[in-house]
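Containing mmCIF, C-alpha atoms and all ligand atoms: my_file23.cif.
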data_final
loop_
_atom_site.label_atom_id
_atom_site.label_comp_id
_atom_site.auth_asym_id
_atom_site.auth_seq_id
_atom_site.Cartn_x
_atom_site.Cartn_y
_atom_site.Cartn_z
CA MET E 6 90.47 107.95 47.20
CA ASN E 7 91.73 109.13 43.82
CA ASP E 8 90.87 107.66 40.40
CA LEU E 9 93.88 105.34 40.40
CA GLN E 10 92.84 103.87 43.74
CA LEU E 11 89.24 103.48 42.57
CA GLU E 12 90.50 101.53 39.56
CA ARG E 13 92.95 99.48 41.63
CA TYR E 14 90.24 98.35 44.05
CA SER E 15 87.43 98.22 41.46
CA ARG E 16 86.84 94.45 41.70
CA GLN E 17 86.20 94.76 45.44
CA ILE E 18 84.06 97.88 45.02
CA LEU E 19 81.98 95.94 42.44
CA MET E 20 80.85 93.58 45.21
CA PRO E 21 77.37 94.88 46.17
CA ASP E 22 77.74 94.07 49.87
CA PHE E 23 81.24 95.58 50.04
CA ASP E 24 80.92 98.56 47.71
CA ILE E 25 82.72 101.87 48.15
CA GLU E 26 81.78 101.96 51.85
CA GLY E 27 83.69 98.73 52.54
CA GLN E 28 86.68 100.00 50.58
CA LEU E 29 86.69 103.32 52.43
CA LYS E 30 86.63 101.49 55.76
CA LEU E 31 89.72 99.51 54.70
CA ASN E 32 91.46 102.66 53.52
CA GLU E 33 90.88 104.34 56.87
CA SER E 34 92.15 101.35 58.88
CA ASN E 35 95.40 100.86 60.74
CA VAL E 36 96.37 97.21 61.18
CA LEU E 37 99.20 96.10 63.45
CA VAL E 38 101.01 92.98 62.22
CA VAL E 39 103.18 91.40 64.90
CA GLY E 40 105.65 88.93 63.37
CA LEU E 41 106.87 89.15 59.76
CA GLY E 42 107.51 85.45 59.21
CA GLY E 43 105.45 83.32 56.82
CA LEU E 44 102.05 84.29 58.24
CA GLY E 45 102.84 88.00 58.48
CA ASN E 46 104.31 88.02 54.95
CA ILE E 47 101.19 86.65 53.29
CA ALA E 48 98.68 88.45 55.49
CA SER E 49 100.34 91.86 55.10
CA LEU E 50 100.68 91.38 51.32
CA TYR E 51 96.94 90.75 50.95
CA LEU E 52 95.97 93.54 53.35
CA SER E 53 98.15 96.07 51.56
CA ALA E 54 97.06 94.88 48.11
CA ALA E 55 93.39 95.05 49.13
CA GLY E 56 93.71 98.65 50.29
CA VAL E 57 94.18 98.74 54.06
CA GLY E 58 95.38 102.32 54.56
CA LYS E 59 98.09 101.80 57.15
CA LEU E 60 100.09 98.76 58.22
CA THR E 61 102.41 98.79 61.21
CA LEU E 62 104.87 95.91 60.89
CA VAL E 63 106.72 94.71 63.99
CA ASP E 64 109.56 92.17 64.02
CA HIS E 65 113.06 92.26 65.48
CA ASP E 66 114.57 89.62 63.17
CA GLU E 67 116.64 89.67 60.02
CA VAL E 68 116.02 87.60 56.89
CA GLU E 69 117.84 84.25 56.74
CA LEU E 70 118.22 81.78 53.87
CA SER E 71 116.06 79.22 55.71
CA ASN E 72 113.17 81.74 55.77
CA LEU E 73 112.84 82.02 52.01
CA ALA E 74 110.93 78.77 51.41
CA ARG E 75 107.81 80.20 53.09
CA GLN E 76 108.45 83.91 53.74
CA VAL E 77 107.60 84.85 50.20
CA LEU E 78 108.01 88.64 50.44
CA TYR E 79 111.78 88.17 50.76
CA SER E 80 114.41 87.25 48.19
CA ASN E 81 118.11 86.31 48.21
CA ASP E 82 119.00 90.01 48.09
CA ASN E 83 117.28 90.56 51.46
CA ILE E 84 119.41 88.10 53.46
CA HIS E 85 120.71 89.83 56.65
CA MET E 86 118.33 92.75 56.08
CA ALA E 87 115.72 93.62 58.74
CA LYS E 88 112.54 91.72 57.92
CA VAL E 89 110.34 94.77 58.45
CA SER E 90 112.46 96.87 56.05
CA ALA E 91 112.51 94.16 53.36
CA ALA E 92 108.75 93.67 53.77
CA LYS E 93 108.06 97.41 53.57
CA GLU E 94 110.09 97.71 50.37
CA GLN E 95 108.25 94.84 48.70
CA LEU E 96 104.78 95.90 49.87
CA LEU E 97 105.30 99.45 48.57
CA LYS E 98 106.35 98.05 45.18
CA GLN E 99 103.07 96.15 45.07
CA ASN E 100 100.89 99.04 46.32
CA PRO E 101 102.46 102.48 46.79
CA HIS E 102 99.23 103.85 48.33
CA THR E 103 99.66 101.95 51.60
CA GLN E 104 101.31 103.74 54.51
CA ILE E 105 103.78 101.28 56.04
CA VAL E 106 105.44 101.79 59.41
CA ALA E 107 108.35 99.37 59.92
CA VAL E 108 109.31 98.71 63.56
CA GLN E 109 112.42 96.57 64.15
CA GLU E 110 111.97 95.91 67.84
CA LYS E 111 111.62 93.00 70.20
CA MET E 112 108.20 93.49 71.74
CA THR E 113 107.89 94.13 75.42
CA TYR E 114 104.52 94.30 77.13
CA ALA E 115 104.72 98.11 77.48
CA ARG E 116 105.69 98.68 73.85
CA LEU E 117 102.98 96.33 72.64
CA ALA E 118 100.37 98.34 74.53
CA ASP E 119 101.45 101.54 72.74
CA TYR E 120 101.12 99.98 69.31
CA ILE E 121 97.90 98.07 70.03
CA GLN E 122 96.14 101.14 71.40
CA SER E 123 96.57 103.00 68.14
CA ALA E 124 95.53 100.04 65.95
CA ASP E 125 92.04 99.21 64.66
CA LEU E 126 92.91 95.50 64.51
CA VAL E 127 95.86 93.27 65.41
CA LEU E 128 97.21 90.29 63.50
CA ASP E 129 99.14 87.89 65.70
CA CYS E 130 101.62 86.24 63.32
CA THR E 131 104.27 85.37 65.91
CA ASP E 132 105.76 82.01 66.86
CA ASN E 133 106.42 82.98 70.47
CA PHE E 134 103.85 82.06 73.11
CA THR E 135 104.89 84.70 75.61
CA VAL E 136 104.29 87.40 73.01
CA ARG E 137 101.03 85.71 71.96
CA GLN E 138 99.73 85.83 75.52
CA ALA E 139 100.79 89.48 75.89
CA ILE E 140 99.03 90.41 72.62
CA ASN E 141 95.86 88.62 73.76
CA LYS E 142 95.90 90.34 77.13
CA THR E 143 96.46 93.81 75.70
CA CYS E 144 93.86 93.38 72.96
CA PHE E 145 91.34 92.20 75.57
CA GLN E 146 92.11 95.16 77.85
CA THR E 147 91.93 97.75 75.07
CA GLN E 148 88.95 96.07 73.33
CA THR E 149 90.95 95.73 70.11
CA ASN E 150 89.93 92.99 67.67
CA LEU E 151 92.52 90.26 67.20
CA VAL E 152 93.15 87.66 64.50
CA THR E 153 95.60 84.92 65.49
CA GLY E 154 97.18 82.30 63.26
CA ALA E 155 99.71 79.52 63.70
CA GLY E 156 101.22 76.69 61.69
CA ILE E 157 103.52 73.76 62.33
CA ARG E 158 104.37 70.63 60.32
CA TRP E 159 101.15 69.90 58.31
CA GLN E 160 98.84 71.65 60.80
CA GLY E 161 97.49 75.17 60.79
CA GLN E 162 95.03 77.01 62.99
CA LEU E 163 93.13 80.24 62.97
CA GLN E 164 91.10 82.09 65.60
CA SER E 165 89.61 85.59 65.71
CA PHE E 166 88.48 87.54 68.75
CA LEU E 167 85.98 90.38 68.45
CA PHE E 168 87.00 92.06 71.67
CA SER E 169 85.38 95.36 70.63
CA ASP E 170 82.04 93.89 71.69
CA GLN E 171 82.72 90.39 73.06
CA ARG E 172 84.23 89.83 76.50
CA GLN E 173 83.94 86.05 76.82
CA ILE E 174 86.60 83.65 75.54
CA CYS E 175 90.11 84.74 74.74
CA TYR E 176 93.30 83.08 73.51
CA GLN E 177 94.37 82.36 77.10
CA CYS E 178 91.18 80.26 77.71
CA LEU E 179 92.47 77.80 75.13
CA TYR E 180 96.11 77.78 76.21
CA PRO E 181 96.34 78.64 79.92
CA HIS E 182 99.67 76.90 80.45
CA LEU E 183 101.63 77.47 77.27
CA ASP E 184 105.16 78.73 77.42
CA ASP E 185 108.14 79.00 75.10
CA GLU E 186 109.00 75.33 75.64
CA MET E 187 106.16 74.57 73.23
CA LEU E 188 106.86 73.66 69.63
CA ASN E 189 107.67 76.22 67.01
CA CYS E 190 108.36 75.77 63.35
CA SER E 191 112.07 76.59 63.58
CA GLU E 192 112.50 73.37 65.59
CA SER E 193 109.70 71.19 64.25
CA GLY E 194 109.43 72.21 60.59
CA VAL E 195 106.45 73.23 58.52
CA ILE E 196 105.19 72.72 54.98
CA SER E 197 105.23 76.18 53.39
CA PRO E 198 101.74 76.40 51.84
CA VAL E 199 100.19 75.43 55.20
CA ILE E 200 101.53 78.75 56.51
CA GLY E 201 100.34 80.54 53.36
CA THR E 202 96.82 79.10 53.77
CA ILE E 203 96.52 80.39 57.32
CA GLY E 204 98.05 83.80 56.48
CA VAL E 205 95.57 84.35 53.63
CA LEU E 206 92.67 83.49 55.93
CA GLN E 207 93.97 85.87 58.60
CA ALA E 208 93.86 88.61 55.96
CA LEU E 209 90.31 87.58 54.98
CA ASP E 210 89.08 87.68 58.59
CA ALA E 211 90.74 91.07 59.06
CA ILE E 212 89.06 92.48 55.94
CA LYS E 213 85.67 91.17 57.07
CA ILE E 214 86.05 92.63 60.55
CA LEU E 215 87.29 96.02 59.29
CA SER E 216 84.67 96.39 56.57
CA GLY E 217 81.81 94.92 58.58
CA CYS E 218 80.99 92.57 55.68
CA GLY E 219 80.62 88.80 55.93
CA THR E 220 80.72 86.86 59.19
CA VAL E 221 83.51 86.20 61.67
CA GLU E 222 82.61 84.15 64.72
CA HIS E 223 84.24 85.27 67.98
CA GLY E 224 86.64 82.67 69.39
CA LYS E 225 85.81 79.85 66.96
CA LEU E 226 88.87 77.66 66.48
CA ARG E 227 89.51 76.50 62.92
CA LEU E 228 92.04 73.70 62.51
CA PHE E 229 93.60 72.80 59.14
CA ASP E 230 95.17 69.44 58.42
CA GLY E 231 97.26 70.07 55.32
CA ALA E 232 98.25 66.40 54.93
CA GLN E 233 94.59 65.33 54.60
CA GLY E 234 93.32 68.64 53.19
CA GLN E 235 90.66 68.80 55.91
CA TRP E 236 89.25 71.50 58.18
CA ARG E 237 87.73 71.08 61.60
CA GLU E 238 85.89 73.75 63.60
CA ILE E 239 85.60 73.85 67.37
CA ARG E 240 83.31 76.19 69.29
CA LEU E 241 85.02 76.89 72.58
CA THR E 242 83.54 77.82 75.88
CA GLN E 243 85.04 80.38 78.23
CA ASP E 244 87.35 79.16 80.98
CA PRO E 245 85.77 80.73 84.09
CA GLN E 246 89.21 80.58 85.75
CA CYS E 247 90.87 82.42 82.84
CA LEU E 248 93.32 84.99 84.17
CA ILE E 249 92.44 87.42 81.38
CA CYS E 250 88.70 87.16 80.65
CA GLY E 251 87.46 85.04 83.62
CA ILE E 252 85.05 86.53 86.10
ZN ZN A 301 90.09 83.90 78.52
#
As structure tokens, please, write out the structure in this file.
Ligand SMILES: [Zn+2]
Amino acid sequence: MNDLQLERYSRQILMPDFDIEGQLKLNESNVLVVGLGGLGNIASLYLSAAGVGKLTLVDHDEVELSNLARQVLYSNDNIHMAKVSAAKEQLLKQNPHTQIVAVQEKMTYARLADYIQSADLVLDCTDNFTVRQAINKTCFQTQTNLVTGAGIRWQGQLQSFLFSDQRQICYQCLYPHLDDEMLNCSESGVISPVIGTIGVLQALDAIKILSGCGTVEHGKLRLFDGAQGQWREIRLTQDPQCLICGI
């Protein structure tokens, strides 16, 4: 890191348990962000700002007017532009030291595997359950740590999987029968800061996992009720019949 980077990240480096070692670990990390909607916008902004060295952004969509209320990296000028390109432009304005790879592609299982294998950590910021299940499966198989987030209406949820050293419990244990018929926010609506809350916490979990500081509990489900301003935590048990992690 050069002097400008040391100054930029100085308030993190000041933290005794994070220090220069934590910052160097972030700077050497490659995080794959799948989905550049509301969650991916906020999470990638914080990861880039905090000094994650490389972000690979994957999304096939373009920016629409109805995105702007919660997808805060984009502006009116970005309408009809590829989300990953608009996000890259904005993130580099905020922190030119981050290496950003923008991938405008619809993810297939094979392509996902390529990207996940070269990542240190994956952020699942999608609103598509087929892709979510594929990300979970590939992260489990490649022992890549995964942070998932979701939000709909007033509800948000967050779950991290430390697959690098934990083999019990995965995303599929919780949702064995989900498919694309399930709700998503384009049909059911969402209050914007609920998405922001979850995206910020995805970034926080990612930073803790990458730096080795703080605590992230494998598989613990955290549910946020934005209407009541309340959190609930659920410790899950493995589904022994799980197609991905079951025995
Ligand atoms: Zn499982």
Q) With only C-alpha atoms as the basis for distance, which of E:Tyr120, E:Ala139, E:Cys218, E:Glu192 is at the shortest distance from E:Lys30? A) E:Cys218
Q) So how far away is atom ZN of ligand ZN 301 (chain A) from atom CA of E:Gln173, in Å? A) 6.7 Å
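Residues in contact with ligand ZN 301 (chain A) (atom pairs separated by at most 9 Å; all atoms listed in the file) are Asn141, Lys142, Phe145, Arg172, Gln173, Ile174, Cys175, Tyr176, Gln177, Cys178, Leu179, Tyr180, Pro181, Gln243, Asp244, Pro245, Gln246, Cys247, Leu248, Ile249, Cys250 and Gly251 of chain E.
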Q: Tell me which protein, DNA and RNA residues are within 8 Å of E:Asp210, counting all atoms listed in the file, leaving out same-chain ones fewer than 6 positions away, and put them as a ChimeraX atom specification.
A: /E:152,165,221
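Minimum distance to E:Thr103 across E:Asn32, E:Leu151, E:Gly219, E:Ala118 (counting all atoms listed in the file) occurs at E:Asn32.
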Q.
Using all atoms listed in the file for the distances, tell me which of E:Arg240, E:Gly45, E:Gln235, E:Ile105 is nearest to E:Thr153.
A. E:Gly45
Could stretch 6-19 of chain E be completed with N, CA, C and O atoms and written as a tab-separated table (two decimals), in the coordinates of the input, please?
chain	number	residue	atom	x	y	z
E	6	MET	N	89.73	108.77	48.17
E	6	MET	CA	90.47	107.95	47.20
E	6	MET	C	90.51	108.64	45.84
E	6	MET	O	89.51	109.23	45.42
E	7	ASN	N	91.64	108.54	45.16
E	7	ASN	CA	91.73	109.13	43.82
E	7	ASN	C	91.32	108.10	42.76
E	7	ASN	O	91.02	106.95	43.07
E	8	ASP	N	91.34	108.53	41.49
E	8	ASP	CA	90.87	107.66	40.40
E	8	ASP	C	91.70	106.39	40.28
E	8	ASP	O	91.18	105.31	39.98
E	9	LEU	N	93.02	106.52	40.50
E	9	LEU	CA	93.88	105.34	40.40
E	9	LEU	C	93.53	104.30	41.47
E	9	LEU	O	93.52	103.09	41.22
E	10	GLN	N	93.23	104.79	42.66
E	10	GLN	CA	92.84	103.87	43.74
E	10	GLN	C	91.48	103.23	43.44
E	10	GLN	O	91.29	102.04	43.66
E	11	LEU	N	90.56	104.03	42.92
E	11	LEU	CA	89.24	103.48	42.57
E	11	LEU	C	89.38	102.36	41.54
E	11	LEU	O	88.72	101.34	41.63
E	12	GLU	N	90.30	102.56	40.58
E	12	GLU	CA	90.50	101.53	39.56
E	12	GLU	C	91.20	100.31	40.16
E	12	GLU	O	90.82	99.16	39.91
E	13	ARG	N	92.20	100.57	40.99
E	13	ARG	CA	92.95	99.48	41.63
E	13	ARG	C	92.03	98.55	42.43
E	13	ARG	O	92.15	97.34	42.37
E	14	TYR	N	91.10	99.15	43.17
E	14	TYR	CA	90.24	98.35	44.05
E	14	TYR	C	88.88	98.05	43.43
E	14	TYR	O	87.96	97.61	44.12
E	15	SER	N	88.76	98.27	42.10
E	15	SER	CA	87.43	98.22	41.46
E	15	SER	C	86.74	96.87	41.61
E	15	SER	O	85.52	96.81	41.72
E	16	ARG	N	87.52	95.77	41.63
E	16	ARG	CA	86.84	94.45	41.70
E	16	ARG	C	86.26	94.20	43.09
E	16	ARG	O	85.35	93.40	43.23
E	17	GLN	N	86.81	94.86	44.10
E	17	GLN	CA	86.20	94.76	45.44
E	17	GLN	C	84.99	95.68	45.53
E	17	GLN	O	83.95	95.31	46.07
E	18	ILE	N	85.14	96.89	44.95
E	18	ILE	CA	84.06	97.88	45.02
E	18	ILE	C	82.83	97.37	44.24
E	18	ILE	O	81.70	97.70	44.58
E	19	LEU	N	83.09	96.53	43.22
E	19	LEU	CA	81.98	95.94	42.44
E	19	LEU	C	81.10	95.04	43.29
E	19	LEU	O	79.94	94.80	42.94
